[in-house]
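Working notes, beginning with the structure itself.
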Amino acid sequence: MTLCISLSARPSNNGTRFHNYLYDQLGLNWIYKAFAPTDLAQAIAGVRGLGIRGCAVSMPYKEDVIALVDEMDSSAKAIDSVNTIVNTDGHLKAYNTDYTAIEQLLKSNAVPVGYSVVVQGAGGMAKATVAALRDAGFTDVTVIARNEDAGRSLADQYGFGWRSALDGGTADLIVNVTPIGMQGGPEADSLAFPEEAIAAAKTVFDVVALPAETPLIKAARVAGKPVITGAEVATIQALEQFVLYTGVRPSDEQIRAAEEFTRAQ
């Protein structure tokens with residue numbers, strides 16, 4: 001049996017249900033488990049030493065894990081953020097499928113590149129989001145981050161602006177890339193953006209995957225705004241991880257069934 005795992009401060013069953021469903025449907029003798037490591041370096045050493053084939057990496061480890069791998073794929077190197085590790089005979093290669101998910105969702109939702117954008121957050125997922133926005137052709141983007149060093153660094157890297165707080169402002173597209181609204185977190189019931197910013201926005205995007213309907217997404221739906229959810233991000237990035245691990249790309253029908261199975265928990 002081949003083992004794949006995920007490492008996160010607050011692990012969920014989303015990845016385990018998605019991957020294990022597809023393993024079963026495709027007749028693969030594989031299994032996927034989620035862990036909350038107490039020591040990241042030891043956890044990655046375990047991936048190498050135990051022959052664990054694949055390892056998903058979530059907040060807050062997407063940058064810290066860089067020093068622990070052997071090779072960075074261009075998808076991870078370009079943004080200095082990792083969400084996927086593939087172990088081939090003890091050689092750990094890092095990738096980033098978050099970027100792919102953001103890129104695909106901006107395109108499939110036909111978000112106009114002329115929109116003004118506010119991205120709240122400056123961590124690993126924010127890097128993937130800002131990079132995808134830049135590469136898609138968005139030019140009016142502001143990074144909102146309380147940490148000035150991290151916020152300015154991210155904004156400067158892609159030629160965008162930085163602010164420490166929204167301070168009553170808004171944008172056509174507002175994107176939450178912080179843990180605000182995440183199930184099990186200290187701000188699980190909080191809105192990532194104030195109601196006036198939601199009301200003024202044309203599209204609302206929350207990368208938080210758990211719960212599927214975060215407070216921000218719920219508020220945006222009530223306001224009648226088009227939304228892009230973290231659950232959608234999770235499905236696409238997990239699919240690309242599945243392909244990297246197994247070398248098999250499921251059919252569209254199998255992917256939809258796996259997504260429905262995951263959300264039915």
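Order determines the names: the first chain of the structure tokens is A, the second B, and so forth; residues in each chain are numbered 1 upward, and ligands are numbered 1 upward as they are shown.
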
Q) Contacts of segment 191-198 of chain A at 8 Å or less, counting only C-alpha atoms, minus same-chain residues fewer than 3 places along, as a list in words? A)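 Contacts, with the query itself left out: Gly168, Gly169, Thr170, Ala171, Ile174, Asn176, Thr178, Ile180, Gly181, Ala201, Val204, Pro215, Leu216, Ala219, Ala220 and Ala223 of chain A.
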
Using only C-alpha atoms, what table do you get, as JSON lines, when you list each residue of segment 106-205 of chain A with an atom no more than 8 Å from segment 78-87 of chain A, its nearest pair of atoms, and their distance in Å rounded to one decimal, rows by chain then rising number?
{"residue": "A:Gly124", "atom": "CA", "partner": "A:Ser81", "partner_atom": "CA", "distance": 5.2}
{"residue": "A:Met125", "atom": "CA", "partner": "A:Ser81", "partner_atom": "CA", "distance": 7.6}
{"residue": "A:Lys127", "atom": "CA", "partner": "A:Ile79", "partner_atom": "CA", "distance": 6.0}
{"residue": "A:Ala128", "atom": "CA", "partner": "A:Ile79", "partner_atom": "CA", "distance": 6.5}
{"residue": "A:Ala131", "atom": "CA", "partner": "A:Ile79", "partner_atom": "CA", "distance": 7.1}

Same residues, C-alpha atoms, saved as a short mmCIF file (atom, residue, chain, number, x, y, z; two decimals), in the first residue's frame:
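What ended up in out.cif:
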data_model
loop_
_atom_site.label_atom_id
_atom_site.label_comp_id
_atom_site.auth_asym_id
_atom_site.auth_seq_id
_atom_site.Cartn_x
_atom_site.Cartn_y
_atom_site.Cartn_z
CA GLY A 124 2.09 31.45 1.28
CA MET A 125 -1.43 31.27 -0.16
CA LYS A 127 1.74 34.69 -2.72
CA ALA A 128 0.04 32.16 -4.99
CA ALA A 131 1.12 35.83 -8.57
#

Q: If you run DSSP over the backbone, which residues in segment 66-216 of chain A end up strand (DSSP E or B)? Put them as a PyMOL selection string.
A: chain A and resi 71-72+84-88+91-95+117-120+141-144+161-163+173-176+203-206

Using only C-alpha atoms, please write the residues we just selected to a file, as an mmCIF file, in the first residue's frame.
data_model
loop_
_atom_site.group_PDB
_atom_site.id
_atom_site.type_symbol
_atom_site.label_atom_id
_atom_site.label_comp_id
_atom_site.auth_asym_id
_atom_site.auth_seq_id
_atom_site.Cartn_x
_atom_site.Cartn_y
_atom_site.Cartn_z
ATOM 1 C CA GLU A 71 14.260 20.422 -5.148
ATOM 2 C CA MET A 72 11.801 23.185 -5.977
ATOM 3 C CA THR A 84 2.826 19.766 -2.409
ATOM 4 C CA ILE A 85 5.813 17.470 -1.944
ATOM 5 C CA VAL A 86 6.445 14.402 -4.094
ATOM 6 C CA ASN A 87 8.836 11.754 -2.750
ATOM 7 C CA THR A 88 10.655 9.745 -5.402
ATOM 8 C CA HIS A 91 14.192 12.732 -3.204
ATOM 9 C CA LEU A 92 11.682 15.383 -2.142
ATOM 10 C CA LYS A 93 10.479 17.753 -4.860
ATOM 11 C CA ALA A 94 8.195 20.653 -3.970
ATOM 12 C CA TYR A 95 5.370 22.087 -6.082
ATOM 13 C CA VAL A 117 -8.551 44.000 -6.458
ATOM 14 C CA VAL A 118 -7.859 43.869 -2.736
ATOM 15 C CA VAL A 119 -6.056 40.788 -1.397
ATOM 16 C CA GLN A 120 -6.092 40.465 2.379
ATOM 17 C CA VAL A 141 -4.110 45.180 -6.957
ATOM 18 C CA THR A 142 -3.567 46.153 -3.320
ATOM 19 C CA VAL A 143 -2.214 43.810 -0.637
ATOM 20 C CA ILE A 144 -3.723 44.377 2.805
ATOM 21 C CA GLY A 161 0.468 48.446 -3.643
ATOM 22 C CA TRP A 162 0.340 47.718 0.090
ATOM 23 C CA ARG A 163 -1.793 49.010 2.936
ATOM 24 C CA LEU A 173 -12.805 41.942 -6.403
ATOM 25 C CA ILE A 174 -12.113 41.315 -2.719
ATOM 26 C CA VAL A 175 -10.071 38.255 -1.791
ATOM 27 C CA ASN A 176 -9.574 36.807 1.687
ATOM 28 C CA THR A 203 -17.087 39.564 -6.874
ATOM 29 C CA VAL A 204 -16.105 38.019 -3.529
ATOM 30 C CA PHE A 205 -13.391 35.354 -3.245
ATOM 31 C CA ASP A 206 -12.562 33.474 -0.036
#

Q: Identify all residues of segment 66-263 of chain A in helix (DSSP H, G or I) (DSSP on the backbone) and supply them as a count of residues only.
A: 84

Q: Would you kindly return, as a VMD selection string, each protein, DNA or RNA residue with an atom no farther than 6 Å from any atom of segment 111-113 of chain A, considering only C-alpha atoms and excluding same-chain residues fewer than 4 positions away?
A: chain A and resid 106 137 to 138

Q: One decimal, Å: what's the distance from atom CA of Val208 of chain A over to atom CA of Val177 of chain A, could you say?
A: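 Interatomic distance here is 7.1 Å.
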
Q) Between A:Ala231, A:Ala67, A:Ala238, A:Ala264, which one has atoms that come closest to Ala209 of chain A, using only C-alpha atoms? A)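 Smallest separation from Ala209 of chain A among the options: A:Ala231.
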
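In this comparison, which uses only C-alpha atoms, the residue of A:Leu26, A:Ile44, A:Val227, A:Ala56 approaching Leu244 of chain A most closely is A:Ala56.
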